[in-house]
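Dropping target00.txt in here (compact mmCIF, C-alpha atoms):
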```txt
# COMPACT_ATOMS: atom_id res chain seq x y z
CA MET V 1 0.00 0.00 0.00
CA LYS V 2 2.80 2.37 0.95
CA ARG V 3 4.67 1.55 -2.23
CA ALA V 4 1.62 2.39 -4.29
CA ILE V 5 1.24 5.73 -2.52
CA VAL V 6 4.93 6.54 -2.99
CA PHE V 7 4.72 5.55 -6.63
CA LEU V 8 1.61 7.70 -7.07
CA LEU V 9 3.32 10.67 -5.39
CA VAL V 10 6.37 10.23 -7.66
CA ILE V 11 4.13 10.24 -10.70
CA ILE V 12 2.27 13.34 -9.47
CA PHE V 13 5.59 15.12 -8.70
CA ALA V 14 7.01 14.21 -12.08
CA THR V 15 3.82 15.38 -13.78
CA VAL V 16 3.84 18.70 -11.89
CA LEU V 17 7.56 19.17 -12.58
CA SER V 18 7.02 18.44 -16.26
CA MET V 19 4.17 20.94 -16.36
CA VAL V 20 6.34 23.55 -14.63
CA PHE V 21 9.14 23.03 -17.18
CA SER V 22 6.63 23.12 -20.01
CA VAL V 23 5.12 26.35 -18.75
CA ALA V 24 8.61 27.84 -18.27
CA ALA V 25 9.63 26.80 -21.76
CA PHE V 26 6.40 28.20 -23.19
CA LEU V 27 6.90 31.48 -21.38
CA LYS V 28 10.51 31.67 -22.57
CA VAL V 29 9.54 30.95 -26.18
CA THR V 30 6.73 33.49 -25.92
CA GLY V 31 9.17 36.05 -24.53
CA ILE V 32 11.65 35.39 -27.35
CA GLN V 33 8.88 35.71 -29.92
CA LEU V 34 7.75 38.97 -28.34
CA GLU V 35 11.33 40.33 -28.41
CA MET V 36 11.70 39.29 -32.03
CA ARG V 37 8.41 40.94 -32.93
CA ASN V 38 9.43 44.13 -31.14
CA GLU V 39 12.84 44.13 -32.87
CA LEU V 40 11.21 43.45 -36.24
CA ALA V 41 8.74 46.27 -35.65
CA ALA V 42 11.60 48.61 -34.69
CA GLN V 43 13.55 47.65 -37.81
CA ASN V 44 10.46 48.22 -39.94
CA ASN V 45 10.02 51.64 -38.37
CA ARG V 46 13.67 52.53 -39.01
CA LEU V 47 13.41 51.27 -42.59
CA THR V 48 10.21 53.26 -43.12
CA GLU V 49 11.90 56.39 -41.78
CA ARG V 50 14.89 55.88 -44.12
CA ILE V 51 12.61 55.31 -47.11
CA GLU V 52 10.68 58.47 -46.27
CA ALA V 53 13.95 60.39 -45.91
CA VAL V 54 15.18 59.11 -49.28
CA GLN V 55 11.86 59.98 -50.88
CA GLY V 56 12.16 63.46 -49.39
CA ASP V 57 15.67 63.81 -50.85
CA VAL V 58 14.42 62.60 -54.25
CA GLU V 59 11.66 65.20 -54.19
CA LYS V 60 14.21 67.89 -53.32
CA LEU V 61 16.41 66.74 -56.22
CA LYS V 62 13.43 66.85 -58.56
CA THR V 63 12.77 70.39 -57.40
CA LEU V 64 16.39 71.32 -58.03
CA ILE V 65 17.11 69.58 -61.35
CA GLY V 66 13.62 69.12 -62.78
CA PRO V 67 12.00 71.36 -65.39
CA GLY V 68 11.86 74.90 -64.06
CA GLY V 69 14.04 73.92 -61.11
CA SER V 70 16.81 75.91 -59.48
CA VAL V 71 19.58 74.26 -61.53
CA GLU V 72 17.81 74.98 -64.81
CA LYS V 73 17.26 78.60 -63.77
CA LEU V 74 20.92 78.93 -62.77
CA LEU V 75 22.11 77.46 -66.08
CA THR V 76 19.79 79.79 -67.98
CA LYS V 77 21.11 82.81 -66.11
CA THR V 78 24.72 81.65 -66.60
CA ASN V 79 24.21 81.16 -70.34
CA TYR V 80 22.53 84.56 -70.54
CA VAL V 81 25.42 86.28 -68.76
CA GLU V 82 27.99 84.44 -70.90
CA LYS V 83 26.15 85.46 -74.06
CA ILE V 84 26.08 89.09 -72.93
CA LEU V 85 29.82 89.02 -72.19
CA GLN V 86 30.46 87.29 -75.51
CA ASP V 87 28.45 89.94 -77.38
CA VAL V 88 30.33 92.71 -75.56
CA GLU V 89 33.67 91.21 -76.60
CA GLN V 90 32.47 90.97 -80.20
CA VAL V 91 31.42 94.62 -80.12
CA LEU V 92 34.76 95.68 -78.61
CA THR V 93 36.59 93.71 -81.30
CA GLU V 94 34.59 95.28 -84.12
CA MET V 95 35.00 98.79 -82.68
CA GLN V 96 38.77 98.69 -83.09
CA SER V 97 39.66 100.69 -86.20
CA ASP V 98 43.37 101.53 -85.93
CA GLU V 99 44.55 101.73 -89.54
CA MET V 100 48.21 101.17 -88.69
CA VAL V 101 47.75 97.55 -87.74
CA GLY V 102 47.63 94.37 -89.77
CA TYR V 103 45.03 91.67 -89.30
CA PHE V 104 42.90 89.27 -91.31
CA GLN V 105 39.41 87.87 -91.00
CA ILE V 106 37.87 84.75 -92.49
CA PHE V 107 34.77 84.57 -94.63
CA ILE V 108 33.16 81.19 -95.39
CA SER V 109 31.11 81.06 -98.58
CA GLY V 110 28.49 78.46 -99.43
CA LYS V 111 26.14 76.65 -97.06
CA ASP V 112 28.45 74.28 -95.16
CA ARG V 113 30.72 74.79 -92.19
CA VAL V 114 34.47 74.71 -92.88
CA TRP V 115 37.25 73.75 -90.49
CA ILE V 116 40.03 76.32 -90.08
CA GLY V 117 43.32 75.74 -88.27
CA ILE V 118 46.08 78.28 -87.60
CA LYS V 119 49.61 77.55 -86.39
CA GLU V 120 52.26 80.06 -85.32
CA SER V 121 54.68 78.94 -88.04
CA ALA V 122 55.64 76.02 -90.28
CA GLU V 123 57.98 74.78 -87.54
CA SER V 124 55.18 74.65 -84.95
CA SER V 125 52.86 71.70 -84.50
CA ARG V 126 50.52 73.44 -82.05
CA TYR V 127 47.31 75.02 -83.26
CA ILE V 128 46.59 78.43 -81.79
CA PHE V 129 43.18 78.32 -83.45
CA SER V 130 41.14 75.31 -84.54
CA LYS V 131 37.44 75.61 -85.20
CA GLU V 132 34.63 74.80 -87.61
CA LEU V 133 33.33 78.12 -88.88
CA LYS V 134 29.79 78.58 -90.10
CA PRO V 135 29.05 80.34 -93.41
CA GLY V 136 29.51 84.09 -93.40
CA LEU V 137 32.05 86.41 -91.81
CA ALA V 138 33.62 84.91 -88.70
CA PRO V 139 33.83 87.26 -85.69
CA TYR V 140 37.56 86.63 -85.19
CA ARG V 141 40.41 88.98 -86.04
CA PHE V 142 43.95 87.63 -86.33
CA TYR V 143 46.53 90.38 -85.78
CA PHE V 144 49.84 89.75 -87.56
CA PHE V 145 51.22 93.32 -87.24
CA LYS V 146 50.89 95.15 -83.91
CA ARG V 147 48.61 94.10 -81.12
CA PRO V 148 44.93 95.04 -80.92
CA THR V 149 43.99 98.03 -78.78
CA VAL V 150 41.71 95.79 -76.70
CA GLU V 151 42.49 92.09 -76.50
CA THR V 152 39.43 89.84 -76.43
CA ARG V 153 38.77 86.20 -77.20
CA TYR V 154 37.96 87.33 -80.75
CA ALA V 155 41.13 89.38 -81.22
CA MET V 156 44.11 87.01 -81.48
CA VAL V 157 47.77 87.82 -82.06
CA VAL V 158 49.52 85.64 -84.66
CA SER V 159 52.84 85.75 -86.46
CA PRO V 160 53.22 87.10 -90.04
CA ASP V 161 54.66 83.64 -90.70
CA CYS V 162 51.55 81.86 -89.44
CA VAL V 163 50.28 78.77 -91.21
CA ILE V 164 46.61 78.72 -92.23
CA GLU V 165 44.86 75.42 -92.97
CA THR V 166 41.36 74.89 -94.27
CA GLY V 167 39.07 71.96 -94.95
CA ASN V 168 37.76 73.61 -98.13
CA PRO V 169 40.03 76.17 -99.87
CA SER V 170 37.48 77.21 -102.50
CA LYS V 171 35.04 78.24 -99.75
CA THR V 172 37.61 80.05 -97.58
CA VAL V 173 38.16 83.76 -98.22
CA LEU V 174 40.76 85.77 -96.29
CA LEU V 175 39.95 89.45 -95.78
CA ILE V 176 43.35 91.04 -95.17
CA TYR V 177 43.72 94.54 -93.72
CA ASN V 178 47.29 95.81 -93.59
CA GLN V 179 48.04 99.39 -92.55
CA GLY V 180 45.13 100.96 -94.40
CA VAL V 181 45.20 98.62 -97.39
CA SER V 182 42.65 95.81 -97.70
CA LYS V 183 42.14 92.91 -100.05
CA ALA V 184 40.15 89.70 -100.27
CA VAL V 185 41.77 86.47 -101.43
CA THR V 186 40.37 82.97 -101.80
CA MET V 187 42.71 80.28 -100.57
CA ASP V 188 44.13 78.23 -103.45
CA ASP V 189 45.38 75.33 -101.34
CA PHE V 190 44.56 73.45 -98.15
CA LYS V 191 47.54 75.05 -96.43
CA ILE V 192 49.31 78.41 -96.57
CA ASN V 193 52.85 78.31 -95.15
CA GLY V 194 53.51 81.91 -94.15
CA LEU V 195 50.78 84.52 -94.52
CA ALA V 196 53.02 87.53 -95.27
CA LYS V 197 55.16 85.67 -97.80
CA LYS V 198 52.19 84.11 -99.57
CA TYR V 199 50.36 87.40 -100.09
CA ASP V 200 53.40 89.69 -100.26
CA LEU V 201 52.42 91.75 -97.22
CA TYR V 202 54.64 94.60 -96.14
CA ILE V 203 55.61 94.31 -92.48
CA PRO V 204 57.68 97.24 -91.18
CA GLY V 205 60.93 96.13 -89.58
CA ARG V 206 61.17 92.88 -91.55
```
Any chance you could give the structure as structure tokens?
Amino acid sequence: MKRAIVFLLVIIFATVLSMVFSVAAFLKVTGIQLEMRNELAAQNNRLTERIEAVQGDVEKLKTLIGPGGSVEKLLTKTNYVEKILQDVEQVLTEMQSDEMVGYFQIFISGKDRVWIGIKESAESSRYIFSKELKPGLAPYRFYFFKRPTVETRYAMVVSPDCVIETGNPSKTVLLIYNQGVSKAVTMDDFKINGLAKKYDLYIPGR
């Protein structure tokens, strides 16, 4: 009888102990799950905040670089100012009328652009001017005798021995002004080695 009671008590104790461990394990698992859920929720919140911040930055960029944005307005103003300065330099170049200087301009006939290259001399390999010029009178003046009164990007100093190259000689006309005397000549070759020698220009002191 006693053995049966002891055995029954052992079974009850084991059952209670098992239930206690089960409850403890359940509570621990529940706690871990709750922590994981909280951490996941926190990460989601942080991710949502970052996404919202990025979206805000994207909207700011759209405002800056989009149509009518600050960058477009700045570029427009910059181009406008550059064009004004460019026009002023062209006007200053054209206003110079000292007859005791020597310079030439380039006129492109026809409908197509023509490449023009100018080197300091036949011994030089460096171009001091290289550009495709559109039809009509180019705004540049190349001074081979004396310097211009006002130096601009359109008034360039070259040597009387400068080399002139063209992509189309028959469409390239040189308007030469030398100390009050002017003439227009059409280039007869792709390259002229020495401007003064080619067109027999008088250069004082040479």
One-decimal distance in Å that lies between atom CA of V:Gly205 and atom CA of V:Ser130: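 Spanning atom CA of V:Ser130 to atom CA of V:Gly205 is a straight-line distance of 29.2 Å.
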Using all atoms listed in the file, which of the listed residues (V:Tyr199, V:Phe129, V:Phe145, V:Tyr140) sits closest to V:Thr166?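 Ranked by minimum distance to V:Thr166, first place goes to V:Phe129.
As for atom CA of V:Lys131 and atom CA of V:Ile108, they are spaced 12.4 Å apart.
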Once N, CA and C atoms are restored for stretch 118-152 of chain V, what would the output be as a CSV table (one decimal), in the coordinates of the input?
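Dumped everything to result19.csv:
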```csv
chain,number,residue,atom,x,y,z
V,118,ILE,N,45.0,77.3,-87.5
V,118,ILE,CA,46.1,78.3,-87.6
V,118,ILE,C,47.2,77.9,-86.6
V,119,LYS,N,48.4,77.8,-87.2
V,119,LYS,CA,49.6,77.6,-86.4
V,119,LYS,C,50.5,78.8,-86.4
V,120,GLU,N,51.4,78.9,-85.4
V,120,GLU,CA,52.3,80.1,-85.3
V,120,GLU,C,53.2,80.1,-86.5
V,121,SER,N,53.7,79.0,-86.9
V,121,SER,CA,54.7,78.9,-88.0
V,121,SER,C,54.7,77.5,-88.6
V,122,ALA,N,55.5,77.3,-89.7
V,122,ALA,CA,55.6,76.0,-90.3
V,122,ALA,C,56.4,75.1,-89.4
V,123,GLU,N,57.2,75.6,-88.5
V,123,GLU,CA,58.0,74.8,-87.5
V,123,GLU,C,57.2,74.4,-86.3
V,124,SER,N,56.0,75.0,-86.1
V,124,SER,CA,55.2,74.6,-85.0
V,124,SER,C,54.1,73.6,-85.3
V,125,SER,N,53.9,72.7,-84.3
V,125,SER,CA,52.9,71.7,-84.5
V,125,SER,C,51.6,72.0,-83.7
V,126,ARG,N,51.6,73.1,-82.9
V,126,ARG,CA,50.5,73.4,-82.0
V,126,ARG,C,49.6,74.4,-82.7
V,127,TYR,N,48.3,74.1,-82.7
V,127,TYR,CA,47.3,75.0,-83.3
V,127,TYR,C,47.0,76.1,-82.2
V,128,ILE,N,47.0,77.4,-82.7
V,128,ILE,CA,46.6,78.4,-81.8
V,128,ILE,C,45.1,78.7,-82.1
V,129,PHE,N,44.6,78.2,-83.1
V,129,PHE,CA,43.2,78.3,-83.4
V,129,PHE,C,42.8,77.1,-84.2
V,130,SER,N,41.7,76.5,-83.8
V,130,SER,CA,41.1,75.3,-84.5
V,130,SER,C,39.6,75.3,-84.3
V,131,LYS,N,38.9,75.5,-85.4
V,131,LYS,CA,37.4,75.6,-85.2
V,131,LYS,C,36.7,75.4,-86.5
V,132,GLU,N,35.5,74.8,-86.5
V,132,GLU,CA,34.6,74.8,-87.6
V,132,GLU,C,33.9,76.1,-87.7
V,133,LEU,N,34.0,76.8,-88.8
V,133,LEU,CA,33.3,78.1,-88.9
V,133,LEU,C,32.1,78.0,-89.7
V,134,LYS,N,31.0,78.6,-89.3
V,134,LYS,CA,29.8,78.6,-90.1
V,134,LYS,C,29.9,79.6,-91.3
V,135,PRO,N,29.0,79.4,-92.3
V,135,PRO,CA,29.0,80.3,-93.4
V,135,PRO,C,28.9,81.8,-93.0
V,136,GLY,N,29.6,82.7,-93.7
V,136,GLY,CA,29.5,84.1,-93.4
V,136,GLY,C,30.8,84.6,-92.8
V,137,LEU,N,30.8,85.8,-92.4
V,137,LEU,CA,32.0,86.4,-91.8
V,137,LEU,C,32.2,86.0,-90.3
V,138,ALA,N,33.3,85.3,-90.1
V,138,ALA,CA,33.6,84.9,-88.7
V,138,ALA,C,34.0,86.1,-87.8
V,139,PRO,N,33.6,86.1,-86.6
V,139,PRO,CA,33.8,87.3,-85.7
V,139,PRO,C,35.3,87.5,-85.2
V,140,TYR,N,36.2,86.6,-85.7
V,140,TYR,CA,37.6,86.6,-85.2
V,140,TYR,C,38.4,87.5,-86.0
V,141,ARG,N,39.4,88.2,-85.4
V,141,ARG,CA,40.4,89.0,-86.0
V,141,ARG,C,41.8,88.4,-85.6
V,142,PHE,N,42.6,88.2,-86.6
V,142,PHE,CA,44.0,87.6,-86.3
V,142,PHE,C,45.0,88.7,-86.7
V,143,TYR,N,45.6,89.3,-85.6
V,143,TYR,CA,46.5,90.4,-85.8
V,143,TYR,C,47.9,89.8,-86.0
V,144,PHE,N,48.5,90.2,-87.2
V,144,PHE,CA,49.8,89.8,-87.6
V,144,PHE,C,50.8,90.9,-87.5
V,145,PHE,N,50.3,92.2,-87.4
V,145,PHE,CA,51.2,93.3,-87.2
V,145,PHE,C,50.6,94.2,-86.2
V,146,LYS,N,51.3,94.4,-85.1
V,146,LYS,CA,50.9,95.2,-83.9
V,146,LYS,C,49.8,94.4,-83.2
V,147,ARG,N,49.6,94.7,-81.9
V,147,ARG,CA,48.6,94.1,-81.1
V,147,ARG,C,47.3,94.9,-81.2
V,148,PRO,N,46.2,94.3,-80.9
V,148,PRO,CA,44.9,95.0,-80.9
V,148,PRO,C,44.9,96.0,-79.7
V,149,THR,N,44.1,97.1,-79.9
V,149,THR,CA,44.0,98.0,-78.8
V,149,THR,C,43.4,97.4,-77.6
V,150,VAL,N,42.4,96.6,-77.8
V,150,VAL,CA,41.7,95.8,-76.7
V,150,VAL,C,41.8,94.3,-77.1
V,151,GLU,N,42.4,93.5,-76.2
V,151,GLU,CA,42.5,92.1,-76.5
V,151,GLU,C,41.3,91.4,-75.9
V,152,THR,N,40.6,90.6,-76.8
V,152,THR,CA,39.4,89.8,-76.4
V,152,THR,C,39.6,88.4,-77.0
```
